[in-house]
Amino acid sequence: MGNEERNKSAAIKTKQAKGGQFYKSVWRWHLYAGVVFAPLLVLLAITGSVYLFKAEIENVLYADYYEVQAQEERVAISEQLSEVNRLYPEGIVTAYRPGENESRSSEVKVEADGMSMTVFIDPYTGLSLGELNNDDRIMDKIEEIHGELMAGTLGDRIVELAASWAVVLIVTGLFLWFPKKMNGAGGVLFPRLRQGPKIRRRDLHAVPAFWLSAGLLFLIMTGLPWSGFWGTNFQAMVTNTGEGYPPSVWVGDAPKSDVETQDIAEVPWAAETLDVPLSSVQGLVPLSLDKVVEIADQEGIHPAYSVFIPQEPEGVYTLSVFPPKAQDEATMHIDQYSGAVLADYRYDNYGVIGKVVAWGITLHKGSQFGLINQLISLFICLGIVFVAVSGVYLWWKRKPKKGMGAPKAPPLFQTKSFLLLMIVLGLLFPLAGLSMVIVWLFDKLVIQRLPAVKKWLNA
Amino acid sequence: MKKFYGPLVAAAAILLLSACSVRSDAADLYKQEAPLQILMDVPEEIVPGETAMLEAKLMQNGESVKEANFVHFEILKQDGSIPYPMKEAQEVGEGVYQMEVNFRSDGLYFLEVHAGSGDAISNPHYQFIVGELSDSELESLKEGPGPDAGSSGHHH
């Protein structure tokens, strides 16, 4: 084995003489990016694994809120809303969800006392089945960790950074994995488990990572569209070309009611006397929610839809549904005074890129193909955990006692091919690109001037 | 080496600052609806016992609708005491449809227009006063036409 190792390292040395600088740069960045982002990728993979089963988990957790006994007659929605009004006299009703089948409760979203609550109503009795504070919903928490580490915009950017750097890890990792010479499939397509611990450790990281790379890249690229920076800009750009989601489905504004403001009836608020002239109460009044649901049923929209209630005089009723399958998606805007359909966007009305993104999202969530989709995604998530852990373990075992053990790389501008690779990746993922510039500047201005740090990082 | 420094930072800065937004006319690139817009004209003062002219002007794609599929007027009283039958309104040209109504009693009323043109349907509700309001009608006005108001309890 000693001989073989020596031969190998000799072979690597000759290789390094040629493409060595490139190889070292790639290795160095792969190592640092890996060590920094491995914990985040593990966190994302674990929360993602749980979130794949959101529907199943919530069906069990909230069975008492979800399930109702189907009966002949439903109570008018206005009566369901008065039940909510009784529970939250000061609350503002923001959305109503009729329920996708006979035995599903209806849901009313209400903002009260700074909290966002969901009240579950039995549509056959009009009575409340109970309410949930949306902040207390465990799956919402997990989604919040997965999407923004429960840290708002900053967290969103960090997750996006991790996703972008994961692409850098895949690309640099593939360069490191790519066999220098054809020596059979061992260490390339399957791990060499019986050639000593060093080779085993390397292969248990590199080989599974290669196999997973397509799946991981898929999850990253399908997850990025709903990130706050890359996603919002990407969606806006694509929507502007006419090939994305129509405006208001993901980004962009909903149409406004085409009613003139002076035609809308005013509401006198004073308790004792009318504080507006009587003539101003003459005018258009909003439609009832019952009427809006009636229109939705006529237009044939997937029954899991929610109705978002306008909060402004010129606002519109927005019906929106993102069911398990992308083809069933719909977003509809209805004038709150006339019931006129102002916009009606179905999956078929999305541009080509919009359709691809919509499929990407339902595949990412594991809902498009049901159980098999969830299991494949779960497998990729567990694989990501394994690869991240095996990568860090590989580094930990290899690294010298003093220092990070990263190969010393030549200055960035001396390896044009590597610089080009980083610029391309940095432009595709500007947040990662910005962080590259920051790392590079930090290295130039700080690390290079502190001998101890410089030595430890082998910079 | 220095010459790379500037452009690199500048490129990154431009990319990060030039956050895109959706153009206001982006909706024109996607499927469009032709909503039926209805402008209602109800006299500001209506005296019970006298005949009042109720009007609706239909517009679609910025043009008046001269041959609508249907234009029906329905009048409801807030307390539900006087049922008026739904009636077809008469076209008088330029997309204006009208109906003469003789209101027999004071109160708070609604005019519901049911109109269709092409694939579009529109069904606005207009609130108006005849003569004087009763106390209970004033009360109901103060509660306001919430999302559950309008034709609540009334089904077609």
# chains A, B, ... in the order shown; residues from 1 in each chain; ligands from 1
call {"tool": "residues_around", "arguments": {"residues": "A:Pro246", "least_positions_apart": "2", "cutoff": "7 Å", "atoms": "only C-alpha atoms", "output": "PyMOL selection string"}}
result
(chain A and resi 239+244+248-249+350) or (chain B and resi 27+30)
call {"tool": "interface_residues", "arguments": {"of": "chain A", "to": "chain B", "cutoff": "8 Å", "atoms": "only C-alpha atoms", "output": "PDB file with C-alpha atoms, in the first residue's frame"}}
result
ATOM      1  CA  ALA A  76     -73.738  30.939   4.262  1.00  0.00           C
ATOM      2  CA  ILE A  77     -70.163  32.224   4.431  1.00  0.00           C
ATOM      3  CA  SER A  78     -71.428  35.498   5.863  1.00  0.00           C
ATOM      4  CA  LEU A  81     -67.696  35.169   9.227  1.00  0.00           C
ATOM      5  CA  THR A 232     -37.322  37.855  -6.759  1.00  0.00           C
ATOM      6  CA  ASN A 233     -35.023  39.305  -9.398  1.00  0.00           C
ATOM      7  CA  ALA A 236     -39.244  39.754 -12.209  1.00  0.00           C
ATOM      8  CA  MET A 237     -36.872  39.440 -15.161  1.00  0.00           C
ATOM      9  CA  THR A 239     -42.114  37.882 -15.971  1.00  0.00           C
ATOM     10  CA  ASN A 240     -40.987  40.946 -17.948  1.00  0.00           C
ATOM     11  CA  THR A 241     -40.060  38.772 -20.922  1.00  0.00           C
ATOM     12  CA  GLY A 242     -43.559  37.321 -21.136  1.00  0.00           C
ATOM     13  CA  PRO A 246     -47.961  36.356 -15.226  1.00  0.00           C
ATOM     14  CA  PRO A 247     -47.684  39.341 -12.863  1.00  0.00           C
ATOM     15  CA  VAL A 251     -44.101  38.912  -8.306  1.00  0.00           C
ATOM     16  CA  GLY A 252     -45.840  42.027  -9.581  1.00  0.00           C
ATOM     17  CA  ASP A 258     -61.637  49.694 -12.447  1.00  0.00           C
ATOM     18  CA  VAL A 259     -64.289  51.478 -10.423  1.00  0.00           C
ATOM     19  CA  ALA A 265     -70.347  54.066  -1.101  1.00  0.00           C
ATOM     20  CA  VAL A 267     -69.264  54.056   5.408  1.00  0.00           C
ATOM     21  CA  PRO A 268     -70.251  56.407   8.200  1.00  0.00           C
ATOM     22  CA  TRP A 269     -68.351  55.414  11.334  1.00  0.00           C
ATOM     23  CA  ALA A 270     -69.695  57.835  13.943  1.00  0.00           C
ATOM     24  CA  ALA A 271     -71.722  56.114  16.607  1.00  0.00           C
ATOM     25  CA  LEU A 274     -73.836  60.217  10.286  1.00  0.00           C
ATOM     26  CA  SER A 279     -75.347  61.361  -0.634  1.00  0.00           C
ATOM     27  CA  VAL A 281     -73.332  56.621   1.216  1.00  0.00           C
ATOM     28  CA  GLN A 282     -74.909  56.226  -2.192  1.00  0.00           C
ATOM     29  CA  GLY A 283     -72.645  54.171  -4.345  1.00  0.00           C
ATOM     30  CA  LEU A 284     -71.197  50.785  -5.055  1.00  0.00           C
ATOM     31  CA  VAL A 285     -70.972  48.305  -2.206  1.00  0.00           C
ATOM     32  CA  PRO A 286     -68.635  45.296  -2.069  1.00  0.00           C
ATOM     33  CA  LEU A 287     -69.848  41.876  -3.065  1.00  0.00           C
ATOM     34  CA  SER A 288     -70.410  39.269  -0.417  1.00  0.00           C
ATOM     35  CA  LEU A 289     -67.886  36.490  -0.038  1.00  0.00           C
ATOM     36  CA  ASP A 290     -70.692  34.046  -0.831  1.00  0.00           C
ATOM     37  CA  ILE A 309     -60.143  39.767   0.935  1.00  0.00           C
ATOM     38  CA  TYR A 337     -67.842  45.675  -6.511  1.00  0.00           C
ATOM     39  CA  SER A 338     -68.952  43.960  -9.699  1.00  0.00           C
ATOM     40  CA  GLY A 339     -67.574  40.443  -9.528  1.00  0.00           C
ATOM     41  CA  ALA A 340     -66.020  41.008 -12.955  1.00  0.00           C
ATOM     42  CA  VAL A 341     -63.041  38.742 -13.557  1.00  0.00           C
ATOM     43  CA  LEU A 342     -60.128  41.156 -14.045  1.00  0.00           C
ATOM     44  CA  ALA A 343     -57.468  38.497 -14.506  1.00  0.00           C
ATOM     45  CA  ASP A 344     -57.602  34.727 -14.599  1.00  0.00           C
ATOM     46  CA  TYR A 345     -54.204  33.038 -14.780  1.00  0.00           C
ATOM     47  CA  ASN A 349     -51.329  30.883 -19.214  1.00  0.00           C
ATOM     48  CA  TYR A 350     -47.811  30.768 -17.754  1.00  0.00           C
ATOM     49  CA  GLY A 351     -44.904  31.337 -20.108  1.00  0.00           C
ATOM     50  CA  PHE A 413      -5.111  36.409 -10.900  1.00  0.00           C
ATOM     51  CA  LEU A 427     -22.265  36.459 -12.036  1.00  0.00           C
ATOM     52  CA  PRO A 430     -24.397  37.484  -7.455  1.00  0.00           C
ATOM     53  CA  LEU A 431     -24.688  36.932  -3.723  1.00  0.00           C
ATOM     54  CA  GLY A 433     -20.050  36.511  -6.243  1.00  0.00           C
ATOM     55  CA  LEU A 434     -20.209  39.356  -3.761  1.00  0.00           C
ATOM     56  CA  VAL A 437     -15.095  39.536  -3.615  1.00  0.00           C
TER      57      VAL A 437
END
call {"tool": "closest_residue", "arguments": {"among": "B:Ser140, B:Arg104, B:Leu76, B:Ser117", "to": "B:Ile46", "atoms": "only C-alpha atoms"}}
result
B:Arg104
call {"tool": "atom_distance", "arguments": {"atom1": "atom CA of B:Tyr97", "atom2": "atom CA of B:Val71"}}
result
7.5 Å
call {"tool": "atom_distance", "arguments": {"atom1": "atom CA of A:Arg398", "atom2": "atom CA of A:Ala166"}}
result
21.8 Å
call {"tool": "closest_residue", "arguments": {"among": "B:Gln78, B:Thr51, B:Asn69, B:Ser105", "to": "B:Glu91", "atoms": "only C-alpha atoms"}}
result
B:Asn69
call {"tool": "residues_around", "arguments": {"residues": "stretch 191-200 of chain A", "least_positions_apart": "5", "cutoff": "9 Å", "atoms": "only C-alpha atoms", "output": "list of chain:residue names"}}
result
A:Met1, A:Ala185, A:Gly186, A:His205, A:Ala206, A:Val207, A:Pro208, A:Leu394, A:Lys397, A:Arg398
call {"tool": "atom_distance", "arguments": {"atom1": "atom CA of A:Glu100", "atom2": "atom CA of A:Pro225"}}
result
27.2 Å
call {"tool": "residues_around", "arguments": {"residues": "A:Ser49", "least_positions_apart": "6", "cutoff": "10 Å", "atoms": "only C-alpha atoms", "output": "list in words"}}
result
Leu43, Lys365, Gly366, Gln374, Leu375, Ser377, Leu378, Phe379, Ile380, Cys381 and Leu382 of chain A
call {"tool": "write_last_selection", "arguments": {"atoms": "N, CA and C atoms", "output": "short mmCIF file (atom, residue, chain, number, x, y, z; two decimals), in the first residue's frame"}}
result
data_model
loop_
_atom_site.label_atom_id
_atom_site.label_comp_id
_atom_site.auth_asym_id
_atom_site.auth_seq_id
_atom_site.Cartn_x
_atom_site.Cartn_y
_atom_site.Cartn_z
N LEU A 43 -28.49 21.56 7.89
CA LEU A 43 -29.72 22.11 8.46
C LEU A 43 -30.83 22.19 7.40
N LYS A 365 -41.00 20.55 -3.55
CA LYS A 365 -41.82 20.32 -2.35
C LYS A 365 -42.23 18.86 -2.22
N GLY A 366 -41.97 18.08 -3.26
CA GLY A 366 -42.29 16.65 -3.20
C GLY A 366 -43.75 16.35 -3.42
N GLN A 374 -41.74 12.27 -2.87
CA GLN A 374 -41.27 12.56 -1.50
C GLN A 374 -40.08 11.66 -1.15
N LEU A 375 -40.18 10.38 -1.53
CA LEU A 375 -39.12 9.44 -1.16
C LEU A 375 -37.81 9.77 -1.89
N SER A 377 -36.89 12.72 -2.99
CA SER A 377 -36.35 13.94 -2.40
C SER A 377 -35.74 13.66 -1.02
N LEU A 378 -36.43 12.81 -0.25
CA LEU A 378 -35.91 12.45 1.07
C LEU A 378 -34.54 11.79 0.93
N PHE A 379 -34.42 10.90 -0.07
CA PHE A 379 -33.16 10.22 -0.30
C PHE A 379 -32.05 11.23 -0.61
N ILE A 380 -32.38 12.22 -1.45
CA ILE A 380 -31.37 13.23 -1.80
C ILE A 380 -30.98 14.02 -0.53
N CYS A 381 -31.98 14.38 0.28
CA CYS A 381 -31.70 15.14 1.50
C CYS A 381 -30.78 14.37 2.44
N LEU A 382 -31.10 13.09 2.64
CA LEU A 382 -30.26 12.29 3.53
C LEU A 382 -28.86 12.14 2.93
#
